[in-house]
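S.K.: Below is one structure. I have some questions about it.
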Amino acid sequence: MKYESIIGLEVHIELKTKTKMFCACKNDPDERHPNVNICPICTGQPGTLPVINRSAVNAVIKVGLALKSKINEITKWDRKNYFYPDLPKGYQISQYDYPICLGGELTIPNSAKKISITRVHLEEDTGRLAHFGHIGHSLVDFNRAGVPLMELVTEPDMTSGEEAGAFAQELHLLLRYLGVSDADMEKGQMRIEANLSLKSVGAKELGVKVEVKNLNSFKAVRDAIDYEIKRQTGILENGEKIIQQTRGWNETKGETVLQRIKEESHDYRYFPEPDLPPLNTNMEMIKEIETGLPELPGDKRKRLKSEYGLADEQINILVNNEKLAGFFEDVVSELQELEIGEKKQLTTLSANYILGDFLGLLNEASAEVDDVKIDAENFAELMSLIHKGTITTRAAKDVLKEMWATGKDPNTIVGEKDLRQTQDTGEIEKAVSKVISENQTAVADYKKGKEIALQFLLGQVMAATRGKASPEIIAEILKRLLN
Ligand SMILES: [Zn+2]
């Protein structure tokens with residue numbers, strides 16, 4: 001029997017606001033001291049009243065607009081009641097039947113598959129528990145209690161770990177473009193749960209749903225889902241039944257583990273929050289947020305392709321590195337005065353150098369574009385020196401390194417280091433003769449038919465002429481003198 005898997009995700013995202021959701025306490029995820037960013041409101045003391053943080057609402061509207069969701073004109077708050085020591089009020093203020101955003105979609109970049117969004121709503125985060133099993137204590141830190149938390153629920157549109165991982169990655173990128181969250185998964189700023197069920201191919205009836213929690217990296221999303229698909233397939237193939245349950249992900253073992261069996265769905269006894277009136281989202285405000293939206297990752301991909309004709313792999317790197325993309329576009333805009341055909345060649349050359357040698361230097365130094373001494377104008381100048389043949393690609397490597405170290409402009413470096421490509425064949429011939437006389441073994445190998453020996457000799461001449469001679473001319477002279 002063949003099975004297909006049906007996967008939906010629930011993603012919780014801590015919003016990057018100055019203050020908490022319903023009080024003026026600082027929202028500081030990096031605070032090391034416990035229970036300092038707290039007040040009577042976020043610790044749920046009697047007689048206190050919550051006040052809505054409008055910038056958190058606006059952040060969710062921003063996300064909704066980017067996902068093409070419908071923004072509800074009236075949104076309302078509800079109490080979700082449950083008891084847990086990290087929840088001081090005994091209920092969480094959330095949104096039940098009138099979330100801020102309804103519907104929407106997000107396209108997975110490579111497959112172009114659209115994943116539908118069910119809803120996006122706003123709620124408050126809980127505190128954090130620290131367990132000290134060896135002394136039999138648990139401690140609670142309420143710094144996080146009341147931090148704005150956005151919950152995004154997808155339709156069960158995904159079919160594999162790979163697809164769910166790709167969706168999570170694209171959502172993460174979108175959140176960072178929008179600036180609404182750092183979405184650092186290691187810090188728990190983006191937490192993913194997967195709902196997964198299997199059914200026989202073609203069957204109408206849905207399978208039993210299993211929830212997998214604690215997916216704290218894209219890899220965990222992919223691996224846990226793939227593991228769960230295998231596990232459930234095995235059970236069904238044995239003729240057994242899947243039991244509805246919640247499982248966790250054990251990264252070290254690479255397995256999902258049973259957390260609890262769900263008898264029936266929780267009754268949270270949602271009811272309208274009596275201390276907060278429904279909120280009118282206000283069309284003018286929505287329009288204003290819409291005009292302020294940045295270019296989104298999907299649009300950027302399309303534009304980098306149509307405007308510069310870059311390869312998909314290059315586009316992926318640039319979309320994930322906004323600063324590098326900005327640098328690339330600055331370099332290209334420095335090439336403005338060129339005629340079209342030449343500009344196209346130089347654009348391709350620039351992309352190759354920026355994503356090759358330049359990115360290599362950045363990675364080696366763990367630096368970002370704005371930390372380094374090379375500016376777009378000088379980089380464009382280097383590109384045009386290569387393009388015009390003023391310097392060889394071999395010399396360009398040295399010039400780039402010198403630009404990196406000193407911030408000097410490439411023309412100055414070429415002059416100072418005498419790296420201009422030489423057209424003087426007499427000079428090249430002299431260097432070639434010298435290399436031939438000093439490398440008789442390689443010469444003999446070449447004459448025996450070993451092509452690699454020619455490459456070696458070529459390299460020797462390149463080094464002797466410090467990259468000033470073009471490899472084509474050297475090869476030509478080498479062959480002539482050897483034969
Ligand atoms: Zn507070």
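In the structure tokens, chains take letters A, B, ... by order of appearance, with residues numbered from 1 within each chain and ligands from 1 in the order shown.
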Report as a PDB file with N, CA and C atoms, in the first residue's frame: the residues of segment 6-106 of chain A with a DSSP assignment of alpha helix (DSSP H), based on the backbone of this structure.

M.R.:
ATOM      1  N   ARG A  54       0.327  48.650  20.215  1.00  0.00           N
ATOM      2  CA  ARG A  54      -0.085  48.830  18.827  1.00  0.00           C
ATOM      3  C   ARG A  54       1.018  48.422  17.844  1.00  0.00           C
ATOM      4  N   SER A  55       2.286  48.583  18.246  1.00  0.00           N
ATOM      5  CA  SER A  55       3.349  48.245  17.282  1.00  0.00           C
ATOM      6  C   SER A  55       3.405  46.724  17.058  1.00  0.00           C
ATOM      7  N   ALA A  56       2.974  45.949  18.045  1.00  0.00           N
ATOM      8  CA  ALA A  56       2.909  44.495  17.835  1.00  0.00           C
ATOM      9  C   ALA A  56       1.783  44.167  16.849  1.00  0.00           C
ATOM     10  N   VAL A  57       0.655  44.851  17.007  1.00  0.00           N
ATOM     11  CA  VAL A  57      -0.466  44.652  16.074  1.00  0.00           C
ATOM     12  C   VAL A  57      -0.022  45.022  14.659  1.00  0.00           C
ATOM     13  N   ASN A  58       0.667  46.159  14.537  1.00  0.00           N
ATOM     14  CA  ASN A  58       1.134  46.596  13.213  1.00  0.00           C
ATOM     15  C   ASN A  58       2.111  45.599  12.590  1.00  0.00           C
ATOM     16  N   ALA A  59       2.949  44.990  13.433  1.00  0.00           N
ATOM     17  CA  ALA A  59       3.901  44.003  12.919  1.00  0.00           C
ATOM     18  C   ALA A  59       3.155  42.811  12.317  1.00  0.00           C
ATOM     19  N   VAL A  60       2.085  42.382  12.979  1.00  0.00           N
ATOM     20  CA  VAL A  60       1.313  41.245  12.455  1.00  0.00           C
ATOM     21  C   VAL A  60       0.590  41.645  11.158  1.00  0.00           C
ATOM     22  N   ILE A  61       0.094  42.877  11.115  1.00  0.00           N
ATOM     23  CA  ILE A  61      -0.544  43.358   9.880  1.00  0.00           C
ATOM     24  C   ILE A  61       0.477  43.352   8.734  1.00  0.00           C
ATOM     25  N   LYS A  62       1.684  43.776   9.058  1.00  0.00           N
ATOM     26  CA  LYS A  62       2.764  43.795   8.070  1.00  0.00           C
ATOM     27  C   LYS A  62       2.997  42.394   7.496  1.00  0.00           C
ATOM     28  N   VAL A  63       3.080  41.414   8.398  1.00  0.00           N
ATOM     29  CA  VAL A  63       3.283  40.030   7.964  1.00  0.00           C
ATOM     30  C   VAL A  63       2.098  39.587   7.105  1.00  0.00           C
ATOM     31  N   GLY A  64       0.881  39.918   7.565  1.00  0.00           N
ATOM     32  CA  GLY A  64      -0.323  39.547   6.824  1.00  0.00           C
ATOM     33  C   GLY A  64      -0.326  40.137   5.417  1.00  0.00           C
ATOM     34  N   LEU A  65       0.059  41.397   5.306  1.00  0.00           N
ATOM     35  CA  LEU A  65       0.084  42.034   3.987  1.00  0.00           C
ATOM     36  C   LEU A  65       1.107  41.356   3.085  1.00  0.00           C
ATOM     37  N   ALA A  66       2.263  41.001   3.672  1.00  0.00           N
ATOM     38  CA  ALA A  66       3.304  40.342   2.879  1.00  0.00           C
ATOM     39  C   ALA A  66       2.863  38.953   2.425  1.00  0.00           C
TER      40      ALA A  66
END

S.K.: Taking only C-alpha atoms and all ligand atoms and a cut-off of 12 Å, can you tell me which residues surround ligand 1, written as a JSON list (two decimals) with C-alpha atoms, in the first residue's frame?

M.R.:
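Contents of the output file part24.json:
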[["chain", "number", "residue", "atom", "x", "y", "z"],
["A", 19, "THR", "CA", 7.91, 46.72, 25.09],
["A", 20, "LYS", "CA", 5.71, 43.75, 25.95],
["A", 21, "MET", "CA", 2.25, 43.02, 24.55],
["A", 22, "PHE", "CA", 0.08, 44.50, 27.30],
["A", 23, "CYS", "CA", 2.41, 46.51, 29.57],
["A", 24, "ALA", "CA", 5.37, 48.89, 29.35],
["A", 25, "CYS", "CA", 7.98, 46.32, 30.45],
["A", 26, "LYS", "CA", 11.01, 45.98, 28.23],
["A", 27, "ASN", "CA", 10.96, 43.19, 25.65],
["A", 28, "ASP", "CA", 14.58, 42.16, 25.84],
["A", 35, "ASN", "CA", 12.56, 38.60, 36.72],
["A", 36, "VAL", "CA", 13.78, 42.13, 36.04],
["A", 37, "ASN", "CA", 11.51, 43.06, 33.14],
["A", 38, "ILE", "CA", 8.28, 42.43, 35.02],
["A", 39, "CYS", "CA", 5.39, 44.43, 36.48],
["A", 40, "PRO", "CA", 1.97, 43.75, 38.07],
["A", 41, "ILE", "CA", 0.35, 43.42, 34.61],
["A", 42, "CYS", "CA", 2.64, 40.77, 33.09],
["A", 43, "THR", "CA", 2.77, 38.85, 36.35],
["A", 44, "GLY", "CA", -1.02, 38.74, 36.48],
["A", 45, "GLN", "CA", -1.73, 40.56, 39.71],
["A", 48, "THR", "CA", -4.36, 45.37, 36.77],
["A", 49, "LEU", "CA", -5.50, 46.18, 33.24],
["A", 50, "PRO", "CA", -3.77, 45.24, 29.97],
["A", 51, "VAL", "CA", -3.12, 47.89, 27.31],
["A", 53, "ASN", "CA", 0.85, 47.37, 22.17],
["A", 88, "PRO", "CA", 1.06, 33.71, 35.98],
["A", 124, "GLU", "CA", 1.39, 36.77, 24.62],
["A", 125, "ASP", "CA", 4.33, 34.52, 25.43],
["A", 127, "GLY", "CA", 7.54, 32.80, 31.23],
["A", 142, "PHE", "CA", 8.82, 35.98, 33.96],
["A", 143, "ASN", "CA", 10.96, 38.23, 31.72],
["A", 144, "ARG", "CA", 9.41, 36.54, 28.71],
["A", 145, "ALA", "CA", 5.86, 36.50, 30.13],
["A", 146, "GLY", "CA", 3.74, 38.87, 28.08],
["A", 147, "VAL", "CA", 6.19, 39.27, 25.19],
["A", 148, "PRO", "CA", 4.25, 39.67, 21.90]]

S.K.: Could you pull out the strand (DSSP E or B) residues of segment 261-458 of chain A from DSSP and send them as a list in words?

M.R.: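 Reading the DSSP output for segment 261-458 of chain A, strand (DSSP E or B) covers Ile261, Phe271, Pro272, Leu279 and Asn280 of chain A.
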
S.K.: Write to file, as an mmCIF file, in the first residue's frame, the residues of the selection just made, with N, CA and C atoms.

M.R.:
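New file out.cif:
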data_model
loop_
_atom_site.group_PDB
_atom_site.id
_atom_site.type_symbol
_atom_site.label_atom_id
_atom_site.label_comp_id
_atom_site.auth_asym_id
_atom_site.auth_seq_id
_atom_site.Cartn_x
_atom_site.Cartn_y
_atom_site.Cartn_z
ATOM 1 N N ILE A 261 -0.360 11.068 24.989
ATOM 2 C CA ILE A 261 -1.450 10.606 24.145
ATOM 3 C C ILE A 261 -2.606 11.570 24.346
ATOM 4 N N PHE A 271 -12.838 32.432 26.150
ATOM 5 C CA PHE A 271 -13.938 33.402 26.195
ATOM 6 C C PHE A 271 -13.385 34.805 25.974
ATOM 7 N N PRO A 272 -14.223 35.736 25.519
ATOM 8 C CA PRO A 272 -13.726 37.069 25.176
ATOM 9 C C PRO A 272 -13.042 37.735 26.370
ATOM 10 N N LEU A 279 -10.616 45.445 18.567
ATOM 11 C CA LEU A 279 -9.763 46.485 17.990
ATOM 12 C C LEU A 279 -10.117 46.695 16.528
ATOM 13 N N ASN A 280 -10.312 47.960 16.158
ATOM 14 C CA ASN A 280 -10.542 48.284 14.755
ATOM 15 C C ASN A 280 -9.186 48.479 14.097
#

S.K.: Using only C-alpha atoms, which residues sit within 10 Å of Gln314 of chain A once same-chain residues fewer than 4 positions away are excluded, as a list of chain:residue names?

M.R.: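 Those residues are A:Arg301, A:Leu304, A:Lys305, A:Leu310, A:Leu318, A:Val319, A:Ala325, A:Ala351, A:Asn352, A:Ile354, A:Leu355, A:Gly356.
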
S.K.: Distance atom CA of Leu382 of chain A-atom CA of Pro410 of chain A, one decimal place?

M.R.: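 A separation of 5.7 Å between them.
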
S.K.: Quick one: pull the distance between atom CA of Thr118 of chain A and atom CA of Val212 of chain A, Å, one decimal.

M.R.: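 Between atom CA of Thr118 of chain A and atom CA of Val212 of chain A the gap is 18.8 Å.
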
S.K.: Which of these, A:Asp267, A:Lys344, A:Ala203, A:Gly239, has the shortest distance to Lys80 of chain A once you count only C-alpha atoms?

M.R.: A:Asp267

S.K.: When you draw a straight line from atom CA of Trp77 of chain A to atom CA of Leu276 of chain A, how long is it in Å?

M.R.: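 Computing it gives 6.8 Å between the two atoms.
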
S.K.: Please list as an MDAnalysis selection string every residue within 7 Å of segment 404-408 of chain A, counting only C-alpha atoms and excluding residues in the same chain fewer than 5 positions away.

M.R.: chainID A and resid 373:374 413

S.K.: Restricting the calculation to only C-alpha atoms: of A:Gly188, A:Pro34, A:Gly136, A:Gly103, which residue gets closest to Ile13 of chain A?

M.R.: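 Result for the nearest residue to Ile13 of chain A: A:Gly188.
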
S.K.: Select, from A:Tyr84, A:Tyr353, A:Phe132, A:Tyr3, the residue with the minimum atom-to-atom distance to Ile386 of chain A, counting only C-alpha atoms.

M.R.: A:Tyr353
